[in-house]
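These notes concern the structure reproduced below.
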Amino acid sequence: MPVRALPGAVDGTASGARAGHEGILRRQSARESAARTYARALPIVPVRARGLTIEGADGRRYLDCLSGAGALALGHNHPVVLEAIRKVLDSGAPLNALDLATPVRDAFITELFRTLPPGLADRARVRFCGPAGSDAVQNACELVRVATGRTGLIAFTGASHGRTTGAFDASDGAHDLRVTRLPYPQDYRCPFGVGGERGADLAARWTESVLDDCGPGASPPAGMIVEPVQAEGGVISAPDAWLRRMRQLTADRSIPLIADEIQTGVGRTGAFWAVEHSGVTPDVMVLSKAIGGSLPLAVVVHRDDLDVPERGAPTGTFRGNQLAMAAGTATLTHVRENHLAERAATLGARMLSQLQGLVGEFPCVGDVRGRGLMVGVEFVDPEGETEGAGQAAGAAGKPLPAAPELAAAVQRECLRRGLIVGLGGRHAGVVRLLPPLTITDEQAAAVQDRLADAVRAAARCAGGAAAAP
């Protein structure tokens, strides 16, 4: 990608470009709210992008492993996406059609149905809501409440379902009496201190006990919402056997199961939809991010018998984003026809295997985990006290306290080396990699090298205890 003259540059010089870059950042800081989640940690000014690469206003290039928080399945400005958008623009089609039927909408739904798990595709209905994943989660929760006539909801610790009121209620940290939060199984920080199959079995038994002990006159919950992989929660994959048990527990009690595939869908985890790893067919799927091909779009897919009258239906102006539907159709088709989910499984497994070597090399790396091209590296304080006797996970047998400051330092060191990564997990102590599904082997190797070098630099600055011996 050639470097062209940048806005704010003086005679195309590097000093002029940097001045323009710094001026934009200063104006953003002065005029925008402190709610700038990513901009505070990533002080860059993107002006061009293609695939994995972003070019900043200062002329620097970065490998982007944040991918629009997972929205860019094909990376930046993929040719098939640009072609689909231009085709709509050149056709004179309406860009806002509310929820009216259009050829663009019809093509998107047709392609979406082609990718759905068979047990759901055969009897699915779709509904478009507001353009964000949070809107879709809130709508899905309202859908099952209206369809069942019940109000309660089962969610899980560590969950992140969005920031609207209804979506936030289901996320970890909320305190809504209508939401019962249950343990989500994991190995490194197992809530029962055992990890593995035993930990997952205990989590399932706890859920079964809660569902069966509602008390006299109490009704079952309206639904259960679960992420097949907790993304913002620190890249924690639900064990396949545990997810199958959740499906069985909910089916036996006529409780709709909602799968939040906002960040895991469209091939990200090595299957087109993450629930396919376990063979589970949910009653409701919540989709956004990559589904719009980089543009805002959110969809709720649900069983036809949960369809409700207008009282429970979504409303709103932006339920017919034609450009996003066209971009989404192109993305879904490209991922499906080019087997990019399978590619994500193969390359992701290789990256994960190689990055797991960081655990043995650096005492400050507590765990490396992931599924497909969704990878998390958890940073810990090697001098801290372990979190309880009997823990079975972790390099030393017990998990160490999270080290969010170190994770943030690694993120800064990555940026210095031209690598953009995200943070998440417990106290934001997990560095997250979400590269586009189109990443090449050579680019994957560069990402790994830059990350390892950043960990080395951050650990060295943090002190000898955190550094490699």
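In the structure tokens, chains take letters A, B, ... by order of appearance, with residues numbered from 1 within each chain and ligands from 1 in the order shown.
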_I'd like to know which residues of segment 197-244 of chain A are alpha helix (DSSP H) (by DSSP, run on the backbone); could you write them as a PyMOL selection string?_
chain A and resi 197-212+240-244
Take the selection from the previous step and output its residues with N, CA, C and O atoms, as an mmCIF file, in the first residue's frame.
```cif
data_model
loop_
_atom_site.group_PDB
_atom_site.id
_atom_site.type_symbol
_atom_site.label_atom_id
_atom_site.label_comp_id
_atom_site.auth_asym_id
_atom_site.auth_seq_id
_atom_site.Cartn_x
_atom_site.Cartn_y
_atom_site.Cartn_z
ATOM 1 N N GLU A 197 -12.897 -31.230 33.431
ATOM 2 C CA GLU A 197 -14.229 -31.814 33.337
ATOM 3 C C GLU A 197 -14.966 -31.763 34.670
ATOM 4 O O GLU A 197 -16.186 -31.566 34.705
ATOM 5 N N ARG A 198 -14.213 -31.916 35.758
ATOM 6 C CA ARG A 198 -14.843 -31.888 37.086
ATOM 7 C C ARG A 198 -15.427 -30.509 37.370
ATOM 8 O O ARG A 198 -16.543 -30.386 37.861
ATOM 9 N N GLY A 199 -14.690 -29.473 37.037
ATOM 10 C CA GLY A 199 -15.194 -28.123 37.248
ATOM 11 C C GLY A 199 -16.427 -27.844 36.410
ATOM 12 O O GLY A 199 -17.388 -27.231 36.877
ATOM 13 N N ALA A 200 -16.407 -28.280 35.138
ATOM 14 C CA ALA A 200 -17.557 -28.078 34.267
ATOM 15 C C ALA A 200 -18.771 -28.845 34.771
ATOM 16 O O ALA A 200 -19.913 -28.359 34.712
ATOM 17 N N ASP A 201 -18.530 -30.051 35.301
ATOM 18 C CA ASP A 201 -19.633 -30.850 35.840
ATOM 19 C C ASP A 201 -20.256 -30.166 37.058
ATOM 20 O O ASP A 201 -21.486 -30.127 37.195
ATOM 21 N N LEU A 202 -19.432 -29.599 37.926
ATOM 22 C CA LEU A 202 -19.963 -28.906 39.099
ATOM 23 C C LEU A 202 -20.759 -27.672 38.688
ATOM 24 O O LEU A 202 -21.812 -27.375 39.278
ATOM 25 N N ALA A 203 -20.276 -26.953 37.671
ATOM 26 C CA ALA A 203 -21.013 -25.785 37.191
ATOM 27 C C ALA A 203 -22.373 -26.199 36.633
ATOM 28 O O ALA A 203 -23.389 -25.530 36.873
ATOM 29 N N ALA A 204 -22.423 -27.313 35.900
ATOM 30 C CA ALA A 204 -23.684 -27.794 35.349
ATOM 31 C C ALA A 204 -24.634 -28.238 36.461
ATOM 32 O O ALA A 204 -25.843 -27.972 36.406
ATOM 33 N N ARG A 205 -24.089 -28.897 37.481
ATOM 34 C CA ARG A 205 -24.937 -29.339 38.585
ATOM 35 C C ARG A 205 -25.516 -28.149 39.337
ATOM 36 O O ARG A 205 -26.670 -28.183 39.791
ATOM 37 N N TRP A 206 -24.701 -27.102 39.497
ATOM 38 C CA TRP A 206 -25.191 -25.897 40.176
ATOM 39 C C TRP A 206 -26.373 -25.318 39.381
ATOM 40 O O TRP A 206 -27.405 -24.953 39.955
ATOM 41 N N THR A 207 -26.216 -25.239 38.063
ATOM 42 C CA THR A 207 -27.289 -24.708 37.222
ATOM 43 C C THR A 207 -28.545 -25.557 37.351
ATOM 44 O O THR A 207 -29.659 -25.035 37.506
ATOM 45 N N GLU A 208 -28.380 -26.866 37.306
ATOM 46 C CA GLU A 208 -29.536 -27.755 37.425
ATOM 47 C C GLU A 208 -30.229 -27.564 38.764
ATOM 48 O O GLU A 208 -31.464 -27.531 38.854
ATOM 49 N N SER A 209 -29.442 -27.418 39.827
ATOM 50 C CA SER A 209 -30.017 -27.219 41.154
ATOM 51 C C SER A 209 -30.826 -25.935 41.222
ATOM 52 O O SER A 209 -31.935 -25.901 41.771
ATOM 53 N N VAL A 210 -30.293 -24.863 40.659
ATOM 54 C CA VAL A 210 -31.010 -23.587 40.674
ATOM 55 C C VAL A 210 -32.316 -23.686 39.895
ATOM 56 O O VAL A 210 -33.361 -23.198 40.324
ATOM 57 N N LEU A 211 -32.265 -24.344 38.742
ATOM 58 C CA LEU A 211 -33.470 -24.465 37.926
ATOM 59 C C LEU A 211 -34.533 -25.318 38.601
ATOM 60 O O LEU A 211 -35.738 -25.103 38.390
ATOM 61 N N ASP A 212 -34.115 -26.280 39.401
ATOM 62 C CA ASP A 212 -35.074 -27.182 40.045
ATOM 63 C C ASP A 212 -35.503 -26.723 41.434
ATOM 64 O O ASP A 212 -36.366 -27.330 42.041
ATOM 65 N N ASP A 240 -17.482 -28.020 25.466
ATOM 66 C CA ASP A 240 -18.555 -28.503 24.599
ATOM 67 C C ASP A 240 -19.564 -29.357 25.368
ATOM 68 O O ASP A 240 -20.779 -29.235 25.161
ATOM 69 N N ALA A 241 -19.072 -30.223 26.246
ATOM 70 C CA ALA A 241 -19.978 -31.090 27.004
ATOM 71 C C ALA A 241 -20.869 -30.267 27.931
ATOM 72 O O ALA A 241 -22.058 -30.577 28.111
ATOM 73 N N TRP A 242 -20.318 -29.224 28.532
ATOM 74 C CA TRP A 242 -21.103 -28.356 29.414
ATOM 75 C C TRP A 242 -22.188 -27.634 28.625
ATOM 76 O O TRP A 242 -23.335 -27.544 29.070
ATOM 77 N N LEU A 243 -21.849 -27.137 27.434
ATOM 78 C CA LEU A 243 -22.842 -26.437 26.628
ATOM 79 C C LEU A 243 -23.953 -27.385 26.190
ATOM 80 O O LEU A 243 -25.139 -27.004 26.158
ATOM 81 N N ARG A 244 -23.600 -28.639 25.915
ATOM 82 C CA ARG A 244 -24.641 -29.618 25.577
ATOM 83 C C ARG A 244 -25.560 -29.854 26.773
ATOM 84 O O ARG A 244 -26.774 -30.028 26.613
#
```
*asked:* I'd like the contact shell of Ile255 of chain A - 9 Å cut-off, only C-alpha atoms, skipping same-chain residues fewer than 2 positions apart - returned as an NGL selection string.
replied: :A and (144 or 148 or 220-224 or 249-253 or 257)
Those selected residues, please, written with C-alpha atoms and delivered as a tab-separated table (two decimals), in the first residue's frame.
```tsv
chain	number	residue	atom	x	y	z
A	144	VAL	CA	-38.32	-14.81	25.19
A	148	THR	CA	-42.99	-17.45	27.55
A	220	PRO	CA	-38.93	-21.09	35.41
A	221	PRO	CA	-36.90	-18.30	33.84
A	222	ALA	CA	-37.87	-16.87	30.48
A	223	GLY	CA	-34.54	-17.85	28.97
A	224	MET	CA	-30.87	-18.61	29.38
A	249	LEU	CA	-31.38	-28.65	30.89
A	250	THR	CA	-33.18	-25.84	29.11
A	251	ALA	CA	-34.95	-28.09	26.60
A	252	ASP	CA	-36.26	-30.37	29.37
A	253	ARG	CA	-37.76	-27.33	31.14
A	257	LEU	CA	-31.60	-21.01	25.04
```
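Nearest residue to Ile154 of chain A among A:Val226, A:Ala407, A:Val104, A:Ala93 is A:Val226, counting only C-alpha atoms.
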*Extract, using only C-alpha atoms, all DNA, RNA and protein residues at most 9 Å from Gly370 of chain A, discarding same-chain residues fewer than 5 positions from it, and format them as number ranges by chain.*
A: 229, 235-237, 269, 348-349, 352, 375-377
*Excluding Val447 of chain A and any residue of its chain fewer than 4 positions from it, enumerate the residues within 9 Å of it, using only C-alpha atoms, and give them as a ChimeraX atom specification.*
/A:63,65,419,442-443,451-452
Can I get the selected residues back with N, CA, C and O atoms, as a compact mmCIF listing (two decimals), in the first residue's frame?
```
# COMPACT_ATOMS: atom_id res chain seq x y z
N LEU A 63 -0.15 -3.65 12.30
CA LEU A 63 -0.90 -4.89 12.10
C LEU A 63 -2.07 -4.87 13.09
O LEU A 63 -1.86 -4.81 14.30
N CYS A 65 -4.80 -6.41 15.09
CA CYS A 65 -5.38 -7.62 15.66
C CYS A 65 -6.52 -7.29 16.62
O CYS A 65 -6.83 -8.07 17.52
N LEU A 419 1.81 -3.18 16.39
CA LEU A 419 0.80 -4.22 16.57
C LEU A 419 -0.32 -3.70 17.45
O LEU A 419 -0.07 -3.22 18.56
N GLU A 442 2.51 -15.62 7.03
CA GLU A 442 3.61 -14.69 7.30
C GLU A 442 3.18 -13.60 8.27
O GLU A 442 3.94 -13.22 9.18
N GLN A 443 1.97 -13.08 8.10
CA GLN A 443 1.47 -12.06 9.01
C GLN A 443 1.26 -12.64 10.41
O GLN A 443 1.55 -11.98 11.41
N LEU A 451 4.34 -9.71 19.48
CA LEU A 451 3.73 -9.88 20.80
C LEU A 451 4.76 -10.41 21.79
O LEU A 451 4.86 -9.89 22.92
N ALA A 452 5.51 -11.42 21.40
CA ALA A 452 6.51 -11.98 22.31
C ALA A 452 7.55 -10.93 22.69
O ALA A 452 7.96 -10.84 23.86
```
*List the neighbours of segment 50-52 of chain A out to 10 Å using only C-alpha atoms; skip same-chain residues closer than 2 positions along the sequence, and give me the result as a VMD selection string.*
chain A and resid 1 48 54 to 55 62 to 67 72 to 79 435 to 440 443
For the residues in that selection, give me N, CA, C and O atoms as a CSV table (one decimal), in the first residue's frame.
```
chain,number,residue,atom,x,y,z
A,1,MET,N,0.9,-1.2,0.0
A,1,MET,CA,0.0,0.0,0.0
A,1,MET,C,0.9,1.2,0.0
A,1,MET,O,1.6,1.5,1.0
A,48,ARG,N,-5.8,5.2,6.4
A,48,ARG,CA,-6.0,4.2,5.3
A,48,ARG,C,-5.9,2.8,6.0
A,48,ARG,O,-5.1,2.7,6.9
A,54,ILE,N,-3.2,-1.2,9.0
A,54,ILE,CA,-3.7,0.2,9.1
A,54,ILE,C,-2.5,1.2,9.0
A,54,ILE,O,-1.4,0.9,9.5
A,55,GLU,N,-2.8,2.3,8.2
A,55,GLU,CA,-1.8,3.3,8.1
A,55,GLU,C,-2.2,4.5,8.9
A,55,GLU,O,-3.4,5.0,8.7
A,62,TYR,N,0.5,-0.4,11.0
A,62,TYR,CA,0.2,-1.3,12.1
A,62,TYR,C,-0.4,-2.6,11.6
A,62,TYR,O,-1.2,-2.5,10.7
A,63,LEU,N,-0.1,-3.7,12.3
A,63,LEU,CA,-0.9,-4.9,12.1
A,63,LEU,C,-2.1,-4.9,13.1
A,63,LEU,O,-1.9,-4.8,14.3
A,64,ASP,N,-3.3,-4.9,12.6
A,64,ASP,CA,-4.5,-4.7,13.4
A,64,ASP,C,-5.1,-6.1,13.8
A,64,ASP,O,-5.7,-6.7,13.1
A,65,CYS,N,-4.8,-6.4,15.1
A,65,CYS,CA,-5.4,-7.6,15.7
A,65,CYS,C,-6.5,-7.3,16.6
A,65,CYS,O,-6.8,-8.1,17.5
A,66,LEU,N,-7.1,-6.1,16.4
A,66,LEU,CA,-8.4,-5.8,17.1
A,66,LEU,C,-9.5,-5.9,16.2
A,66,LEU,O,-10.6,-6.4,16.6
A,67,SER,N,-9.3,-5.6,14.9
A,67,SER,CA,-10.3,-5.9,13.8
A,67,SER,C,-11.7,-5.3,14.2
A,67,SER,O,-12.7,-6.0,14.0
A,72,LEU,N,-14.5,-7.0,11.8
A,72,LEU,CA,-13.9,-7.1,10.4
A,72,LEU,C,-13.4,-8.5,10.1
A,72,LEU,O,-12.3,-8.8,10.2
A,73,ALA,N,-14.4,-9.4,9.8
A,73,ALA,CA,-14.0,-10.8,9.5
A,73,ALA,C,-13.0,-10.9,8.4
A,73,ALA,O,-12.1,-11.7,8.4
A,74,LEU,N,-13.2,-10.0,7.4
A,74,LEU,CA,-12.3,-10.0,6.2
A,74,LEU,C,-11.2,-9.0,6.3
A,74,LEU,O,-10.6,-8.7,5.3
A,75,GLY,N,-11.1,-8.3,7.4
A,75,GLY,CA,-10.1,-7.2,7.5
A,75,GLY,C,-10.7,-5.9,6.9
A,75,GLY,O,-11.8,-5.8,6.6
A,76,HIS,N,-9.8,-5.0,6.8
A,76,HIS,CA,-10.2,-3.6,6.4
A,76,HIS,C,-10.4,-3.6,4.9
A,76,HIS,O,-9.6,-4.1,4.1
A,77,ASN,N,-11.5,-3.0,4.4
A,77,ASN,CA,-11.7,-2.7,3.0
A,77,ASN,C,-11.5,-3.9,2.1
A,77,ASN,O,-10.8,-3.7,1.0
A,78,HIS,N,-12.0,-5.0,2.4
A,78,HIS,CA,-11.8,-6.2,1.5
A,78,HIS,C,-12.5,-5.9,0.2
A,78,HIS,O,-13.6,-5.3,0.1
A,79,PRO,N,-11.9,-6.3,-0.9
A,79,PRO,CA,-12.5,-6.0,-2.3
A,79,PRO,C,-13.9,-6.5,-2.4
A,79,PRO,O,-14.7,-5.7,-3.1
A,435,PRO,N,-7.4,-11.3,15.0
A,435,PRO,CA,-7.0,-10.9,13.6
A,435,PRO,C,-8.1,-11.3,12.6
A,435,PRO,O,-8.9,-12.1,12.9
A,436,PRO,N,-8.1,-10.6,11.4
A,436,PRO,CA,-9.1,-11.0,10.4
A,436,PRO,C,-8.9,-12.5,10.0
A,436,PRO,O,-7.8,-13.0,10.1
A,437,LEU,N,-9.9,-13.1,9.5
A,437,LEU,CA,-9.8,-14.5,9.0
A,437,LEU,C,-8.9,-14.6,7.8
A,437,LEU,O,-8.5,-15.7,7.4
A,438,THR,N,-8.6,-13.5,7.2
A,438,THR,CA,-7.8,-13.4,6.0
A,438,THR,C,-6.3,-13.3,6.3
A,438,THR,O,-5.5,-13.2,5.3
A,439,ILE,N,-5.9,-13.3,7.5
A,439,ILE,CA,-4.5,-13.2,7.9
A,439,ILE,C,-3.7,-14.3,7.2
A,439,ILE,O,-4.1,-15.5,7.2
A,440,THR,N,-2.5,-13.9,6.7
A,440,THR,CA,-1.6,-14.9,6.1
A,440,THR,C,-0.7,-15.6,7.1
A,440,THR,O,-0.6,-15.1,8.3
A,443,GLN,N,2.0,-13.1,8.1
A,443,GLN,CA,1.5,-12.1,9.0
A,443,GLN,C,1.3,-12.6,10.4
A,443,GLN,O,1.5,-12.0,11.4
```
_Two-atom distance - atom CA of Leu433 of chain A, atom CA of Phe108 of chain A (Å)_ = 28.3 Å
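Around Gly366 of chain A, within 9 Å and counting only C-alpha atoms, the residues found are Tyr188, Leu358, Val359, Phe362, Val377, Glu378, Phe379, Val380, Asp381, Pro382, Gly394, Ala395, Pro399, Leu400 and Ala402 of chain A, once anything fewer than 4 positions away on its own chain is removed.
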Grab the residues selected above and save them as a PDB file, in the first residue's frame with N, CA, C and O atoms.
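Once everything was written out, this is again17.pdb:
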```pdb
ATOM      1  N   TYR A 188      -8.413 -21.967  34.164  1.00  0.00           N
ATOM      2  CA  TYR A 188      -7.401 -21.238  34.924  1.00  0.00           C
ATOM      3  C   TYR A 188      -7.954 -20.647  36.218  1.00  0.00           C
ATOM      4  O   TYR A 188      -7.303 -20.700  37.257  1.00  0.00           O
ATOM      5  N   LEU A 358       4.806 -18.957  25.791  1.00  0.00           N
ATOM      6  CA  LEU A 358       5.024 -17.791  26.650  1.00  0.00           C
ATOM      7  C   LEU A 358       4.825 -18.132  28.121  1.00  0.00           C
ATOM      8  O   LEU A 358       5.434 -17.508  28.999  1.00  0.00           O
ATOM      9  N   VAL A 359       3.978 -19.119  28.411  1.00  0.00           N
ATOM     10  CA  VAL A 359       3.707 -19.480  29.811  1.00  0.00           C
ATOM     11  C   VAL A 359       4.976 -19.983  30.481  1.00  0.00           C
ATOM     12  O   VAL A 359       5.286 -19.611  31.615  1.00  0.00           O
ATOM     13  N   PHE A 362       7.767 -16.833  30.531  1.00  0.00           N
ATOM     14  CA  PHE A 362       7.550 -15.645  31.367  1.00  0.00           C
ATOM     15  C   PHE A 362       6.658 -15.986  32.561  1.00  0.00           C
ATOM     16  O   PHE A 362       5.491 -16.361  32.372  1.00  0.00           O
ATOM     17  N   VAL A 377      -4.182 -13.894  26.105  1.00  0.00           N
ATOM     18  CA  VAL A 377      -2.981 -14.116  26.919  1.00  0.00           C
ATOM     19  C   VAL A 377      -3.210 -13.414  28.247  1.00  0.00           C
ATOM     20  O   VAL A 377      -3.320 -12.186  28.303  1.00  0.00           O
ATOM     21  N   GLU A 378      -3.325 -14.188  29.335  1.00  0.00           N
ATOM     22  CA  GLU A 378      -3.640 -13.612  30.655  1.00  0.00           C
ATOM     23  C   GLU A 378      -2.357 -13.326  31.424  1.00  0.00           C
ATOM     24  O   GLU A 378      -1.508 -14.205  31.598  1.00  0.00           O
ATOM     25  N   PHE A 379      -2.264 -12.093  31.925  1.00  0.00           N
ATOM     26  CA  PHE A 379      -1.084 -11.666  32.676  1.00  0.00           C
ATOM     27  C   PHE A 379      -1.397 -11.646  34.176  1.00  0.00           C
ATOM     28  O   PHE A 379      -2.489 -11.264  34.594  1.00  0.00           O
ATOM     29  N   VAL A 380      -0.396 -12.094  34.944  1.00  0.00           N
ATOM     30  CA  VAL A 380      -0.583 -12.251  36.387  1.00  0.00           C
ATOM     31  C   VAL A 380       0.615 -11.659  37.119  1.00  0.00           C
ATOM     32  O   VAL A 380       1.662 -11.391  36.537  1.00  0.00           O
ATOM     33  N   ASP A 381       0.428 -11.495  38.423  1.00  0.00           N
ATOM     34  CA  ASP A 381       1.507 -11.037  39.290  1.00  0.00           C
ATOM     35  C   ASP A 381       2.200 -12.260  39.872  1.00  0.00           C
ATOM     36  O   ASP A 381       1.652 -12.927  40.755  1.00  0.00           O
ATOM     37  N   PRO A 382       3.405 -12.592  39.410  1.00  0.00           N
ATOM     38  CA  PRO A 382       4.059 -13.811  39.878  1.00  0.00           C
ATOM     39  C   PRO A 382       4.453 -13.759  41.339  1.00  0.00           C
ATOM     40  O   PRO A 382       4.746 -14.803  41.939  1.00  0.00           O
ATOM     41  N   GLY A 394      -3.270 -23.466  36.050  1.00  0.00           N
ATOM     42  CA  GLY A 394      -2.144 -22.541  36.143  1.00  0.00           C
ATOM     43  C   GLY A 394      -0.822 -23.283  36.115  1.00  0.00           C
ATOM     44  O   GLY A 394      -0.723 -24.460  36.461  1.00  0.00           O
ATOM     45  N   ALA A 395       0.220 -22.559  35.727  1.00  0.00           N
ATOM     46  CA  ALA A 395       1.530 -23.191  35.572  1.00  0.00           C
ATOM     47  C   ALA A 395       2.040 -23.764  36.870  1.00  0.00           C
ATOM     48  O   ALA A 395       2.735 -24.766  36.891  1.00  0.00           O
ATOM     49  N   PRO A 399      -4.013 -20.364  40.328  1.00  0.00           N
ATOM     50  CA  PRO A 399      -3.983 -19.090  39.604  1.00  0.00           C
ATOM     51  C   PRO A 399      -3.435 -17.967  40.471  1.00  0.00           C
ATOM     52  O   PRO A 399      -3.683 -17.903  41.670  1.00  0.00           O
ATOM     53  N   LEU A 400      -2.697 -17.094  39.835  1.00  0.00           N
ATOM     54  CA  LEU A 400      -2.134 -15.926  40.507  1.00  0.00           C
ATOM     55  C   LEU A 400      -3.027 -14.716  40.265  1.00  0.00           C
ATOM     56  O   LEU A 400      -3.863 -14.714  39.355  1.00  0.00           O
ATOM     57  N   ALA A 402      -4.574 -11.281  38.951  1.00  0.00           N
ATOM     58  CA  ALA A 402      -4.487 -10.631  37.651  1.00  0.00           C
ATOM     59  C   ALA A 402      -3.550  -9.428  37.723  1.00  0.00           C
ATOM     60  O   ALA A 402      -3.389  -8.803  38.771  1.00  0.00           O
TER      61      ALA A 402
END
```
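Closest approach to Val300 of chain A from the set A:Val431, A:Val47, A:Leu143, A:Ala274 is made by A:Leu143, with distances taken over only C-alpha atoms.
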*Which one is closest to Glu413 of chain A: A:Arg303, A:Arg456, A:His21, A:His277? Count only C-alpha atoms.*
A:Arg456
*atom CA of Asp58 of chain A to atom CA of Arg31 of chain A: how many Å, to one decimal?*
20.9 Å
_Residues within 12 Å of Arg145 of chain A, only C-alpha atoms, excluding chain neighbours under 4 positions, as a PyMOL selection string_ = chain A and resi 138-141+149-154+166+178+220-224+255-256+258+306-308+311-313
*Quick one: of A:Gln322, A:Ser15, A:Ser29, A:Ser294, who's nearest to Ser91 of chain A, counting only C-alpha atoms?*
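Of A:Gln322, A:Ser15, A:Ser29, A:Ser294, the one nearest Ser91 of chain A, counting only C-alpha atoms, is A:Gln322.
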What are the closest atom pairs, with distances in Å to one decimal, for all residues of segment 287-395 of chain A lying within 9 Å of segment 85-89 of chain A? Consider only C-alpha atoms, order rows by chain and residue number, and present the result as a Markdown table.
```
| residue | atom | partner | partner_atom | distance |
| --- | --- | --- | --- | --- |
| A:Gln322 | CA | A:Val88 | CA | 7.7 |
| A:Leu323 | CA | A:Ile85 | CA | 5.7 |
| A:Ala324 | CA | A:Ile85 | CA | 8.0 |
| A:Ala326 | CA | A:Ile85 | CA | 6.3 |
| A:Ala327 | CA | A:Ile85 | CA | 6.1 |
```
_Two-atom distance - atom CA of Ala341 of chain A, atom CA of Val275 of chain A (Å)_ =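 Between these atoms lies a distance of 13.1 Å.
Distances from A:Pro296, A:Gly59, A:Pro46, A:Pro118 to Ala132 of chain A were compared using only C-alpha atoms, and the smallest one belongs to A:Pro296.
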*Counting only C-alpha atoms, figure out which residue out of A:Ala147, A:Val368, A:Leu287, A:Leu82 gets nearest to Asp187 of chain A.*
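Once distances to Asp187 of chain A are computed over only C-alpha atoms, the minimum belongs to A:Val368.
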